[in-house]
>>> print(open('query.pdb').read())   # PDB, C-alpha atoms (C1' of nucleotides)
ATOM      1  CA  MET L 278     -73.667  61.609-139.785
ATOM      2  CA  ARG L 279     -70.887  61.138-142.276
ATOM      3  CA  LYS L 280     -71.604  58.558-144.948
ATOM      4  CA  PHE L 281     -69.663  55.347-145.233
ATOM      5  CA  ASP L 282     -67.760  56.295-148.357
ATOM      6  CA  ASP L 283     -66.705  59.632-146.943
ATOM      7  CA  SER L 284     -64.254  58.243-144.442
ATOM      8  CA  LEU L 285     -60.676  59.339-144.950
ATOM      9  CA  PRO L 286     -59.116  55.999-143.955
ATOM     10  CA  LEU L 287     -61.185  54.242-146.608
ATOM     11  CA  ARG L 288     -60.296  56.827-149.229
ATOM     12  CA  LEU L 289     -56.608  56.426-148.408
ATOM     13  CA  LEU L 290     -56.974  52.669-148.694
ATOM     14  CA  LYS L 291     -58.663  52.878-152.074
ATOM     15  CA  ALA L 292     -56.139  55.373-153.381
ATOM     16  CA  ARG L 293     -53.349  53.059-152.303
ATOM     17  CA  GLU L 294     -55.027  50.197-154.107
ATOM     18  CA  ALA L 295     -55.283  52.322-157.240
ATOM     19  CA  ALA L 296     -51.588  53.177-157.006
ATOM     20  CA  MET L 297     -50.514  49.592-156.454
ATOM     21  CA  GLY L 298     -52.456  48.590-159.528
ATOM     22  CA  PHE L 299     -49.598  50.140-161.506
ATOM     23  CA  PHE L 300     -46.817  48.234-159.775
ATOM     24  CA  ARG L 301     -48.206  44.894-158.670
ATOM     25  CA  PRO L 302     -47.992  43.223-162.090
ATOM     26  CA  LEU L 303     -44.292  44.030-162.382
ATOM     27  CA  LEU L 304     -43.474  42.838-158.880
ATOM     28  CA  GLN L 305     -45.298  39.589-159.505
ATOM     29  CA  GLU L 306     -42.968  38.824-162.373
ATOM     30  CA  ILE L 307     -39.954  38.572-160.082
ATOM     31  CA  PRO L 308     -41.826  37.534-157.842
ATOM     32  CA  LEU L 309     -41.664  39.828-154.840
ATOM     33  CA  THR L 310     -44.321  41.139-152.523
ATOM     34  CA  GLU L 311     -44.932  44.805-152.071
ATOM     35  CA  GLN L 312     -43.355  44.780-148.606
ATOM     36  CA  GLN L 313     -40.308  42.862-149.778
ATOM     37  CA  TRP L 314     -39.764  45.418-152.502
ATOM     38  CA  ARG L 315     -40.137  48.260-149.996
ATOM     39  CA  VAL L 316     -37.390  46.750-147.851
ATOM     40  CA  ILE L 317     -35.093  46.217-150.824
ATOM     41  CA  ARG L 318     -35.752  49.733-152.041
ATOM     42  CA  ALA L 319     -34.823  51.187-148.661
ATOM     43  CA  LEU L 320     -31.654  49.122-148.435
ATOM     44  CA  ASN L 321     -30.651  50.154-151.923
ATOM     45  CA  GLU L 322     -30.703  53.759-150.817
ATOM     46  CA  PHE L 323     -29.143  53.481-147.361
ATOM     47  CA  GLU L 324     -26.650  50.663-147.998
ATOM     48  CA  GLU L 325     -26.774  49.177-144.506
ATOM     49  CA  LEU L 326     -29.492  49.608-141.901
ATOM     50  CA  GLU L 327     -30.452  48.356-138.481
ATOM     51  CA  SER L 328     -33.630  46.371-138.227
ATOM     52  CA  LYS L 329     -35.279  49.116-136.247
ATOM     53  CA  GLN L 330     -34.427  51.852-138.720
ATOM     54  CA  LEU L 331     -35.668  49.671-141.534
ATOM     55  CA  ALA L 332     -38.965  49.116-139.754
ATOM     56  CA  GLU L 333     -39.392  52.839-139.199
ATOM     57  CA  LEU L 334     -38.514  53.735-142.792
ATOM     58  CA  CYS L 335     -40.707  51.092-144.374
ATOM     59  CA  CYS L 336     -43.583  51.561-141.971
ATOM     60  CA  ILE L 337     -43.487  47.878-141.043
ATOM     61  CA  LEU L 338     -43.763  46.659-137.462
ATOM     62  CA  SER L 339     -40.848  44.693-136.040
ATOM     63  CA  PRO L 340     -42.599  41.331-135.820
ATOM     64  CA  SER L 341     -43.612  41.544-139.479
ATOM     65  CA  LEU L 342     -40.156  42.664-140.472
ATOM     66  CA  THR L 343     -38.572  39.656-138.787
ATOM     67  CA  GLY L 344     -40.486  37.389-141.142
ATOM     68  CA  ILE L 345     -39.830  39.492-144.221
ATOM     69  CA  ILE L 346     -36.097  39.587-143.451
ATOM     70  CA  ASN L 347     -36.028  35.815-142.975
ATOM     71  CA  ARG L 348     -37.714  35.193-146.304
ATOM     72  CA  LEU L 349     -35.517  37.690-148.166
ATOM     73  CA  GLU L 350     -32.438  36.070-146.652
ATOM     74  CA  GLN L 351     -33.749  32.659-147.712
ATOM     75  CA  LEU L 352     -34.136  34.021-151.237
ATOM     76  CA  GLY L 353     -30.559  35.275-151.206
ATOM     77  CA  TYR L 354     -31.454  38.956-151.482
ATOM     78  CA  ILE L 355     -30.088  40.229-148.155
ATOM     79  CA  LYS L 356     -27.294  39.646-145.630
ATOM     80  CA  ARG L 357     -27.406  40.145-141.869
ATOM     81  CA  ARG L 358     -24.538  40.761-139.503
ATOM     82  CA  LYS L 359     -24.377  41.542-135.818
ATOM     83  CA  SER L 360     -23.223  44.946-134.697
ATOM     84  CA  THR L 361     -19.882  44.592-132.918
ATOM     85  CA  GLU L 362     -20.433  47.275-130.295
ATOM     86  CA  ASP L 363     -24.038  46.371-129.530
ATOM     87  CA  GLN L 364     -24.815  42.691-129.824
ATOM     88  CA  ARG L 365     -28.551  43.335-129.822
ATOM     89  CA  ARG L 366     -28.526  45.155-133.135
ATOM     90  CA  THR L 367     -28.736  43.406-136.492
ATOM     91  CA  LEU L 368     -27.334  45.196-139.519
ATOM     92  CA  ILE L 369     -28.920  44.395-142.848
ATOM     93  CA  SER L 370     -27.726  44.964-146.394
ATOM     94  CA  LEU L 371     -28.383  43.813-149.959
ATOM     95  CA  THR L 372     -26.511  41.017-151.693
ATOM     96  CA  ASP L 373     -25.057  41.490-155.157
ATOM     97  CA  LYS L 374     -27.896  39.397-156.524
ATOM     98  CA  ALA L 375     -30.375  41.867-155.043
ATOM     99  CA  LYS L 376     -28.470  44.876-156.374
ATOM    100  CA  LYS L 377     -28.530  43.427-159.884
ATOM    101  CA  MET L 378     -32.201  42.572-159.634
ATOM    102  CA  PHE L 379     -32.934  46.067-158.379
ATOM    103  CA  ALA L 380     -30.966  47.679-161.171
ATOM    104  CA  SER L 381     -32.919  45.789-163.806
ATOM    105  CA  MET L 382     -36.343  46.300-162.242
ATOM    106  CA  SER L 383     -36.249  49.867-161.039
ATOM    107  CA  PRO L 384     -36.313  51.535-164.473
ATOM    108  CA  ARG L 385     -39.480  49.666-165.377
ATOM    109  CA  LEU L 386     -41.121  50.563-162.092
ATOM    110  CA  GLU L 387     -39.974  54.149-162.449
ATOM    111  CA  ALA L 388     -41.572  54.264-165.880
ATOM    112  CA  ARG L 389     -44.832  53.070-164.385
ATOM    113  CA  TYR L 390     -44.563  55.769-161.768
ATOM    114  CA  GLN L 391     -44.219  58.354-164.498
ATOM    115  CA  GLU L 392     -47.191  56.925-166.335
ATOM    116  CA  MET L 393     -49.242  57.079-163.149
ATOM    117  CA  THR L 394     -48.242  60.679-162.555
ATOM    118  CA  GLU L 395     -49.135  61.698-166.092
ATOM    119  CA  ARG L 396     -52.513  59.996-166.084
ATOM    120  CA  PHE L 397     -53.315  61.783-162.838
ATOM    121  CA  SER L 398     -51.699  65.180-163.428
ATOM    122  CA  HIS L 399     -48.303  66.440-162.359
ATOM    123  CA  GLU L 400     -49.818  69.346-160.461
ATOM    124  CA  ASP L 401     -52.396  67.276-158.637
ATOM    125  CA  MET L 402     -49.724  64.735-157.756
ATOM    126  CA  LYS L 403     -47.562  67.429-156.243
ATOM    127  CA  ALA L 404     -50.504  68.858-154.321
ATOM    128  CA  LEU L 405     -51.524  65.417-153.094
ATOM    129  CA  GLU L 406     -48.006  64.622-151.910
ATOM    130  CA  GLU L 407     -47.775  67.838-149.960
ATOM    131  CA  LEU L 408     -51.122  67.311-148.301
ATOM    132  CA  LEU L 409     -50.172  63.770-147.339
ATOM    133  CA  ILE L 410     -46.907  64.946-145.823
ATOM    134  CA  LYS L 411     -48.696  67.604-143.853
ATOM    135  CA  PHE L 412     -51.370  65.180-142.716
ATOM    136  CA  CYS L 413     -48.796  62.751-141.344
ATOM    137  CA  ASP L 414     -47.854  65.321-138.728
ATOM    138  CA  VAL L 415     -51.384  65.403-137.372
ATOM    139  CA  LYS L 416     -51.489  63.320-134.215
ATOM    140  CA  PRO L 417     -54.022  62.712-131.509
TER     141      PRO L 417
ATOM    142  CA  MET J  88     -34.042  58.555-159.343
ATOM    143  CA  ARG J  89     -36.841  59.203-156.889
ATOM    144  CA  LYS J  90     -35.893  58.812-153.261
ATOM    145  CA  PHE J  91     -37.353  56.138-151.077
ATOM    146  CA  ASP J  92     -39.544  58.441-149.013
ATOM    147  CA  ASP J  93     -41.015  60.077-152.072
ATOM    148  CA  SER J  94     -43.086  57.142-153.154
ATOM    149  CA  LEU J  95     -46.812  57.761-153.245
ATOM    150  CA  PRO J  96     -47.812  54.290-151.998
ATOM    151  CA  LEU J  97     -45.636  54.768-148.923
ATOM    152  CA  ARG J  98     -47.025  58.232-148.304
ATOM    153  CA  LEU J  99     -50.570  56.894-148.541
ATOM    154  CA  LEU J 100     -49.669  54.128-146.118
ATOM    155  CA  LYS J 101     -48.205  56.540-143.599
ATOM    156  CA  ALA J 102     -51.130  58.910-143.893
ATOM    157  CA  ARG J 103     -53.480  56.024-143.257
ATOM    158  CA  GLU J 104     -51.482  55.068-140.194
ATOM    159  CA  ALA J 105     -51.696  58.639-138.936
ATOM    160  CA  ALA J 106     -55.471  58.624-139.452
ATOM    161  CA  MET J 107     -55.959  55.282-137.740
ATOM    162  CA  GLY J 108     -54.039  56.600-134.760
ATOM    163  CA  PHE J 109     -57.175  58.563-133.935
ATOM    164  CA  PHE J 110     -59.552  55.612-134.063
ATOM    165  CA  ARG J 111     -57.622  52.514-133.052
ATOM    166  CA  PRO J 112     -57.727  53.165-129.297
ATOM    167  CA  LEU J 113     -61.518  53.429-129.348
ATOM    168  CA  LEU J 114     -61.977  50.298-131.432
ATOM    169  CA  GLN J 115     -59.712  48.345-129.116
ATOM    170  CA  GLU J 116     -62.029  49.078-126.223
ATOM    171  CA  ILE J 117     -64.856  47.064-127.763
ATOM    172  CA  PRO J 118     -62.743  45.206-129.064
ATOM    173  CA  LEU J 119     -63.119  45.241-132.817
ATOM    174  CA  THR J 120     -60.581  45.323-135.605
ATOM    175  CA  GLU J 121     -60.521  48.072-138.131
ATOM    176  CA  GLN J 122     -61.901  45.784-140.847
ATOM    177  CA  GLN J 123     -64.684  44.476-138.614
ATOM    178  CA  TRP J 124     -65.743  48.041-137.902
ATOM    179  CA  ARG J 125     -65.684  48.878-141.605
ATOM    180  CA  VAL J 126     -68.067  46.005-142.298
ATOM    181  CA  ILE J 127     -70.392  46.988-139.462
ATOM    182  CA  ARG J 128     -70.311  50.591-140.589
ATOM    183  CA  ALA J 129     -71.307  49.632-144.128
ATOM    184  CA  LEU J 130     -74.108  47.371-142.919
ATOM    185  CA  ASN J 131     -75.407  50.105-140.662
ATOM    186  CA  GLU J 132     -75.854  52.322-143.674
ATOM    187  CA  PHE J 133     -77.190  49.824-146.212
ATOM    188  CA  GLU J 134     -79.250  47.603-143.910
ATOM    189  CA  GLU J 135     -78.755  44.371-145.861
ATOM    190  CA  LEU J 136     -76.031  43.584-148.373
ATOM    191  CA  GLU J 137     -74.745  40.710-150.438
ATOM    192  CA  SER J 138     -71.283  39.465-149.639
ATOM    193  CA  LYS J 139     -70.003  40.710-152.953
ATOM    194  CA  GLN J 140     -71.374  44.220-152.518
ATOM    195  CA  LEU J 141     -69.931  44.336-149.035
ATOM    196  CA  ALA J 142     -66.499  43.347-150.320
ATOM    197  CA  GLU J 143     -66.642  46.032-152.984
ATOM    198  CA  LEU J 144     -67.785  48.736-150.568
ATOM    199  CA  CYS J 145     -65.288  47.899-147.845
ATOM    200  CA  CYS J 146     -62.416  47.291-150.225
ATOM    201  CA  ILE J 147     -61.908  43.812-148.789
ATOM    202  CA  LEU J 148     -61.274  40.762-150.981
ATOM    203  CA  SER J 149     -63.800  37.955-150.828
ATOM    204  CA  PRO J 150     -61.553  35.408-149.113
ATOM    205  CA  SER J 151     -60.750  37.882-146.337
ATOM    206  CA  LEU J 152     -64.374  38.849-146.023
ATOM    207  CA  THR J 153     -65.411  35.223-145.522
ATOM    208  CA  GLY J 154     -63.267  35.084-142.380
ATOM    209  CA  ILE J 155     -64.390  38.479-141.107
ATOM    210  CA  ILE J 156     -68.029  37.530-141.581
ATOM    211  CA  ASN J 157     -67.514  34.237-139.752
ATOM    212  CA  ARG J 158     -65.919  35.956-136.771
ATOM    213  CA  LEU J 159     -68.542  38.700-136.629
ATOM    214  CA  GLU J 160     -71.237  36.042-136.726
ATOM    215  CA  GLN J 161     -69.507  34.191-133.884
ATOM    216  CA  LEU J 162     -69.489  37.416-131.901
ATOM    217  CA  GLY J 163     -73.212  37.835-132.488
ATOM    218  CA  TYR J 164     -72.905  41.057-134.476
ATOM    219  CA  ILE J 165     -74.285  39.918-137.838
ATOM    220  CA  LYS J 166     -76.836  37.546-139.381
ATOM    221  CA  ARG J 167     -76.608  35.737-142.702
ATOM    222  CA  ARG J 168     -79.426  34.403-144.822
ATOM    223  CA  LYS J 169     -79.557  32.829-148.245
ATOM    224  CA  SER J 170     -81.200  34.706-151.065
ATOM    225  CA  THR J 171     -84.386  32.860-152.052
ATOM    226  CA  GLU J 172     -84.181  33.500-155.783
ATOM    227  CA  ASP J 173     -80.431  32.867-156.100
ATOM    228  CA  GLN J 174     -79.096  30.245-153.715
ATOM    229  CA  ARG J 175     -75.522  31.316-154.364
ATOM    230  CA  ARG J 176     -75.941  34.723-152.778
ATOM    231  CA  THR J 177     -75.596  35.339-149.056
ATOM    232  CA  LEU J 178     -77.371  38.350-147.569
ATOM    233  CA  ILE J 179     -75.837  39.915-144.501
ATOM    234  CA  SER J 180     -77.270  42.287-141.914
ATOM    235  CA  LEU J 181     -76.601  43.563-138.389
ATOM    236  CA  THR J 182     -78.112  42.075-135.249
ATOM    237  CA  ASP J 183     -79.777  44.269-132.637
ATOM    238  CA  LYS J 184     -76.703  43.836-130.477
ATOM    239  CA  ALA J 185     -74.565  45.313-133.237
ATOM    240  CA  LYS J 186     -76.952  48.184-133.827
ATOM    241  CA  LYS J 187     -76.848  49.128-130.162
ATOM    242  CA  MET J 188     -73.076  48.856-130.056
ATOM    243  CA  PHE J 189     -72.824  50.991-133.162
ATOM    244  CA  ALA J 190     -75.162  53.619-131.738
ATOM    245  CA  SER J 191     -73.065  53.963-128.618
ATOM    246  CA  MET J 192     -69.684  53.970-130.357
ATOM    247  CA  SER J 193     -70.271  56.081-133.437
ATOM    248  CA  PRO J 194     -70.630  59.441-131.640
ATOM    249  CA  ARG J 195     -67.258  58.956-129.980
ATOM    250  CA  LEU J 196     -65.616  57.981-133.258
ATOM    251  CA  GLU J 197     -67.316  60.861-135.011
ATOM    252  CA  ALA J 198     -65.909  63.230-132.391
ATOM    253  CA  ARG J 199     -62.431  61.877-133.079
ATOM    254  CA  TYR J 200     -62.994  62.455-136.761
ATOM    255  CA  GLN J 201     -63.853  66.060-136.054
ATOM    256  CA  GLU J 202     -60.785  66.449-133.902
ATOM    257  CA  MET J 203     -58.643  64.992-136.665
ATOM    258  CA  THR J 204     -60.142  67.357-139.216
ATOM    259  CA  GLU J 205     -59.583  70.386-137.022
ATOM    260  CA  ARG J 206     -55.990  69.537-136.206
ATOM    261  CA  PHE J 207     -55.324  69.152-139.903
ATOM    262  CA  SER J 208     -57.448  71.944-141.355
ATOM    263  CA  HIS J 209     -60.953  71.803-142.790
ATOM    264  CA  GLU J 210     -59.797  73.223-146.099
ATOM    265  CA  ASP J 211     -56.863  70.886-146.480
ATOM    266  CA  MET J 212     -59.073  67.956-145.561
ATOM    267  CA  LYS J 213     -61.524  68.881-148.271
ATOM    268  CA  ALA J 214     -58.742  69.328-150.794
ATOM    269  CA  LEU J 215     -57.178  66.020-149.809
ATOM    270  CA  GLU J 216     -60.463  64.159-150.129
ATOM    271  CA  GLU J 217     -61.065  65.547-153.583
ATOM    272  CA  LEU J 218     -57.603  64.645-154.783
ATOM    273  CA  LEU J 219     -57.975  61.130-153.425
ATOM    274  CA  ILE J 220     -61.298  60.673-155.167
ATOM    275  CA  LYS J 221     -59.828  61.893-158.415
ATOM    276  CA  PHE J 222     -56.774  59.700-158.033
ATOM    277  CA  CYS J 223     -58.874  56.574-157.578
ATOM    278  CA  ASP J 224     -60.052  56.931-161.171
ATOM    279  CA  VAL J 225     -56.508  56.716-162.479
ATOM    280  CA  LYS J 226     -55.942  53.221-163.791
ATOM    281  CA  PRO J 227     -53.192  51.509-165.739
TER     282      PRO J 227
ATOM    283  C1'  DA D 196     -82.921  18.217-171.855
ATOM    284  C1'  DG D 197     -77.904  18.078-171.470
ATOM    285  C1'  DA D 198     -73.147  19.663-171.982
ATOM    286  C1'  DC D 199     -70.889  24.044-171.217
ATOM    287  C1'  DA D 200     -69.402  28.091-169.306
ATOM    288  C1'  DT D 201     -70.224  31.681-165.685
ATOM    289  C1'  DT D 202     -71.036  33.507-161.169
ATOM    290  C1'  DC D 203     -70.817  33.487-156.050
ATOM    291  C1'  DC D 204     -68.803  31.900-152.201
ATOM    292  C1'  DT D 205     -65.534  29.264-149.879
ATOM    293  C1'  DT D 206     -61.139  26.771-148.821
ATOM    294  C1'  DA D 207     -56.112  26.386-149.126
ATOM    295  C1'  DA D 208     -51.541  28.143-148.861
ATOM    296  C1'  DC D 209     -48.628  31.575-148.014
ATOM    297  C1'  DA D 210     -47.267  36.413-146.540
ATOM    298  C1'  DC D 211     -48.080  40.197-143.595
ATOM    299  C1'  DA D 212     -50.445  43.145-139.497
ATOM    300  C1'  DT D 213     -51.269  43.675-134.730
ATOM    301  C1'  DT D 214     -50.803  43.020-129.814
ATOM    302  C1'  DA D 215     -48.700  40.806-125.962
ATOM    303  C1'  DA D 216     -45.064  38.277-124.010
ATOM    304  C1'  DT D 217     -40.234  36.763-123.903
ATOM    305  C1'  DA D 218     -34.949  36.396-124.065
ATOM    306  C1'  DA D 219     -30.702  38.699-124.383
ATOM    307  C1'  DA D 220     -27.840  42.699-124.337
ATOM    308  C1'  DA D 221     -26.971  47.265-122.722
ATOM    309  C1'  DT D 222     -27.727  51.169-119.520
ATOM    310  C1'  DA D 223     -28.902  53.688-115.154
ATOM    311  C1'  DG D 224     -28.764  54.199-110.356
ATOM    312  C1'  DC D 225     -27.185  53.214-106.314
TER     313       DC D 225
ATOM    314  C1'  DG N  55     -19.948  45.897-108.830
ATOM    315  C1'  DC N  56     -24.922  44.605-108.841
ATOM    316  C1'  DT N  57     -29.638  44.986-109.250
ATOM    317  C1'  DA N  58     -33.428  47.247-111.831
ATOM    318  C1'  DT N  59     -34.768  49.200-115.828
ATOM    319  C1'  DT N  60     -34.658  49.948-120.650
ATOM    320  C1'  DT N  61     -33.771  48.596-125.398
ATOM    321  C1'  DT N  62     -33.619  45.306-129.429
ATOM    322  C1'  DA N  63     -35.084  41.482-131.637
ATOM    323  C1'  DT N  64     -37.807  37.608-131.602
ATOM    324  C1'  DT N  65     -41.788  34.277-130.793
ATOM    325  C1'  DA N  66     -46.722  33.360-130.105
ATOM    326  C1'  DA N  67     -51.512  33.972-131.190
ATOM    327  C1'  DT N  68     -54.961  35.778-133.801
ATOM    328  C1'  DG N  69     -56.751  38.383-137.800
ATOM    329  C1'  DT N  70     -56.302  40.029-142.508
ATOM    330  C1'  DG N  71     -54.232  40.389-147.602
ATOM    331  C1'  DT N  72     -53.298  37.930-151.842
ATOM    332  C1'  DT N  73     -53.480  34.400-155.355
ATOM    333  C1'  DA N  74     -55.034  30.053-156.930
ATOM    334  C1'  DA N  75     -58.190  26.385-156.860
ATOM    335  C1'  DG N  76     -62.619  24.234-155.470
ATOM    336  C1'  DG N  77     -67.752  23.313-155.318
ATOM    337  C1'  DA N  78     -72.457  24.514-155.857
ATOM    338  C1'  DA N  79     -76.075  27.303-158.152
ATOM    339  C1'  DT N  80     -77.357  29.687-162.244
ATOM    340  C1'  DG N  81     -77.233  30.882-167.139
ATOM    341  C1'  DT N  82     -76.387  29.758-172.078
ATOM    342  C1'  DC N  83     -76.502  27.250-176.182
ATOM    343  C1'  DT N  84     -77.870  23.929-179.206
TER     344       DT N  84
END
>>> encode(input="query.pdb", output="structure tokens")
Amino acid sequence: MRKFDDSLPLRLLKAREAAMGFFRPLLQEIPLTEQQWRVIRALNEFEELESKQLAELCCILSPSLTGIINRLEQLGYIKRRKSTEDQRRTLISLTDKAKKMFASMSPRLEARYQEMTERFSHEDMKALEELLIKFCDVKP
Amino acid sequence: MRKFDDSLPLRLLKAREAAMGFFRPLLQEIPLTEQQWRVIRALNEFEELESKQLAELCCILSPSLTGIINRLEQLGYIKRRKSTEDQRRTLISLTDKAKKMFASMSPRLEARYQEMTERFSHEDMKALEELLIKFCDVKP
DNA sequence: AGACATTCCTTAACACATTAATAAAATAGC
DNA sequence: GCTATTTTATTAATGTGTTAAGGAATGTCT
């Protein structure tokens, strides 16, 4: 039987922990959680998104996202508005405060990302990314 | 700037979700959470472990582990005892009930693991595992 | 021996993950 | 046009992740 340490889910978890070790300290300065930053990062790229799209993009389940959105709104980082043609949908976007914060933080985080890539190896990073993308298509 | 979807932490998260898609349905039958199974799996291999070792192995922080241990004890799956030479340490092991449950579940989970590996590709799986192991050594 | 720091585990407080259930809006079918 | 179903977002309940702080046992130092 496969040994404990050989399980892929555990390896993915540990790798993720290793990666977050590069970014967590910076996010704590703001302070923002990892999930909050993921939401802000997505909104920075797509301008305005429905709650459902945001959940899909960020890989966060709707009930969790509800709470994250509430807290980010409380902090003044995002705005919500109701879709006019479908009253069920909530459209979410960044405030100016969030855009400024993002602009000042993202270069530092990007630098960390570069550092991480270099300490690993550019080639291995590329190979790892491709394998991960391919693996995500594997479904039961 | 790097696009949202290109972030390694997010890719690792999604890959982990894809992997867990194979195992979650089986664990829910028992029912056990993913973390509870990880703890049981570790204890099955190492017989008896200190809380700290268990946390390290399972990649679970001590405060989380305290709760997991309490619930597993409630469910009758694990036993705790105090170390005689160091009263601070708690030693944890599986009950017979847990060992039986593990024996009946692990073949089914192992079969799923095989299925996952085959749908991906044995070679890619091996390559992915090696890259993940290497990546875990990369530290800020 | 007695103050001191260290180590292990736990509790506390908050944020998020997961599943099930619910309320409201929109759609499908008749 | 009206019910039945589906879709979207939320709440509820429980379990875990994360950081900080706490208490008890051990180790250190003089």
>>> closest_atom_pairs(input="query.pdb", of="chain J", to="chain D", cutoff="9 Å", atoms="all atoms listed in the file", output="CSV")
residue,atom,partner,partner_atom,distance
J:Ser138,CA,D:DC204,C1',8.4
J:Lys139,CA,D:DC203,C1',7.9
J:Ser149,CA,D:DC204,C1',8.0
J:Pro150,CA,D:DT205,C1',7.4
J:Thr153,CA,D:DT205,C1',7.4
J:Arg175,CA,D:DC203,C1',5.4
J:Arg176,CA,D:DC203,C1',6.2
J:Thr177,CA,D:DC204,C1',8.2
>>> residues_around(input="query.pdb", residues="Phe323 in chain L", least_positions_apart="2", cutoff="12 Å", atoms="all atoms listed in the file", output="list in words")
Val316, Ile317, Arg318, Ala319, Leu320, Asn321, Glu325, Leu326, Glu327, Gln330, Leu331, Leu334, Leu368, Ile369, Ser370 and Leu371 of chain L; Lys90, Phe91 and Asp92 of chain J
>>> closest_residue(input="query.pdb", among="L:Lys359, L:Pro417, L:Leu287, L:Thr372", to="chain N", atoms="only C-alpha atoms (C1' of nucleotides)")
L:Lys359
>>> closest_atom_pairs(input="query.pdb", of="chain J", to="chain N", cutoff="12 Å", atoms="only C-alpha atoms (C1' of nucleotides)", output="Markdown table")
| residue | atom | partner | partner_atom | distance |
| --- | --- | --- | --- | --- |
| J:Leu119 | CA | N:DG69 | C1' | 10.6 |
| J:Thr120 | CA | N:DG69 | C1' | 8.2 |
| J:Glu121 | CA | N:DT70 | C1' | 10.1 |
| J:Gln122 | CA | N:DT70 | C1' | 8.2 |
| J:Gln123 | CA | N:DG69 | C1' | 10.0 |
| J:Cys146 | CA | N:DG71 | C1' | 11.0 |
| J:Ile147 | CA | N:DG71 | C1' | 8.5 |
| J:Leu148 | CA | N:DG71 | C1' | 7.8 |
| J:Ser149 | CA | N:DG71 | C1' | 10.4 |
| J:Pro150 | CA | N:DG71 | C1' | 9.0 |
| J:Ser151 | CA | N:DT70 | C1' | 6.2 |
| J:Leu152 | CA | N:DT70 | C1' | 8.9 |
| J:Thr153 | CA | N:DT70 | C1' | 10.7 |
| J:Gly154 | CA | N:DT70 | C1' | 8.5 |
| J:Ile155 | CA | N:DG69 | C1' | 8.3 |
| J:Ile156 | CA | N:DG69 | C1' | 11.9 |
| J:Asn157 | CA | N:DG69 | C1' | 11.7 |
| J:Arg158 | CA | N:DG69 | C1' | 9.5 |
| J:Leu159 | CA | N:DG69 | C1' | 11.9 |
| J:Lys169 | CA | N:DA79 | C1' | 11.9 |
| J:Ser170 | CA | N:DA79 | C1' | 11.5 |
| J:Thr171 | CA | N:DA79 | C1' | 11.7 |
| J:Glu172 | CA | N:DT80 | C1' | 10.1 |
| J:Asp173 | CA | N:DA79 | C1' | 7.4 |
| J:Gln174 | CA | N:DA79 | C1' | 6.1 |
| J:Arg175 | CA | N:DA79 | C1' | 5.5 |
| J:Arg176 | CA | N:DA79 | C1' | 9.2 |
>>> write_last_selection(input="query.pdb", atoms="C-alpha atoms", output="PDB file, in the frame of the given file")
ATOM      1  CA  LEU J 119     -63.119  45.241-132.817  1.00  0.00           C
ATOM      2  CA  THR J 120     -60.581  45.323-135.605  1.00  0.00           C
ATOM      3  CA  GLU J 121     -60.521  48.072-138.131  1.00  0.00           C
ATOM      4  CA  GLN J 122     -61.901  45.784-140.847  1.00  0.00           C
ATOM      5  CA  GLN J 123     -64.684  44.476-138.614  1.00  0.00           C
ATOM      6  CA  CYS J 146     -62.416  47.291-150.225  1.00  0.00           C
ATOM      7  CA  ILE J 147     -61.908  43.812-148.789  1.00  0.00           C
ATOM      8  CA  LEU J 148     -61.274  40.762-150.981  1.00  0.00           C
ATOM      9  CA  SER J 149     -63.800  37.955-150.828  1.00  0.00           C
ATOM     10  CA  PRO J 150     -61.553  35.408-149.113  1.00  0.00           C
ATOM     11  CA  SER J 151     -60.750  37.882-146.337  1.00  0.00           C
ATOM     12  CA  LEU J 152     -64.374  38.849-146.023  1.00  0.00           C
ATOM     13  CA  THR J 153     -65.411  35.223-145.522  1.00  0.00           C
ATOM     14  CA  GLY J 154     -63.267  35.084-142.380  1.00  0.00           C
ATOM     15  CA  ILE J 155     -64.390  38.479-141.107  1.00  0.00           C
ATOM     16  CA  ILE J 156     -68.029  37.530-141.581  1.00  0.00           C
ATOM     17  CA  ASN J 157     -67.514  34.237-139.752  1.00  0.00           C
ATOM     18  CA  ARG J 158     -65.919  35.956-136.771  1.00  0.00           C
ATOM     19  CA  LEU J 159     -68.542  38.700-136.629  1.00  0.00           C
ATOM     20  CA  LYS J 169     -79.557  32.829-148.245  1.00  0.00           C
ATOM     21  CA  SER J 170     -81.200  34.706-151.065  1.00  0.00           C
ATOM     22  CA  THR J 171     -84.386  32.860-152.052  1.00  0.00           C
ATOM     23  CA  GLU J 172     -84.181  33.500-155.783  1.00  0.00           C
ATOM     24  CA  ASP J 173     -80.431  32.867-156.100  1.00  0.00           C
ATOM     25  CA  GLN J 174     -79.096  30.245-153.715  1.00  0.00           C
ATOM     26  CA  ARG J 175     -75.522  31.316-154.364  1.00  0.00           C
ATOM     27  CA  ARG J 176     -75.941  34.723-152.778  1.00  0.00           C
TER      28      ARG J 176
END
>>> interface_residues(input="query.pdb", of="chain J", to="chain L", cutoff="9 Å", atoms="only C-alpha atoms", output="PyMOL selection string")
chain J and resi 88-109+125+128-129+132+144-146+194+197+199-200+202-203+206-207+211-212+214-216+218-227
>>> atom_distance(input="query.pdb", atom1="CA of Lys186 in chain J", atom2="CA of Gly163 in chain J")
11.1 Å
>>> atom_distance(input="query.pdb", atom1="CA of Met192 in chain J", atom2="CA of Ala142 in chain J")
22.8 Å
>>> residues_around(input="query.pdb", residues="Lys374 in chain L", least_positions_apart="5", cutoff="9 Å", atoms="all atoms listed in the file", output="number ranges by chain")
L: 353-355, 379
>>> write_last_selection(input="query.pdb", atoms="C-alpha atoms", output="CSV table (one decimal), in the coordinates of the input")
chain,number,residue,atom,x,y,z
L,353,GLY,CA,-30.6,35.3,-151.2
L,354,TYR,CA,-31.5,39.0,-151.5
L,355,ILE,CA,-30.1,40.2,-148.2
L,379,PHE,CA,-32.9,46.1,-158.4
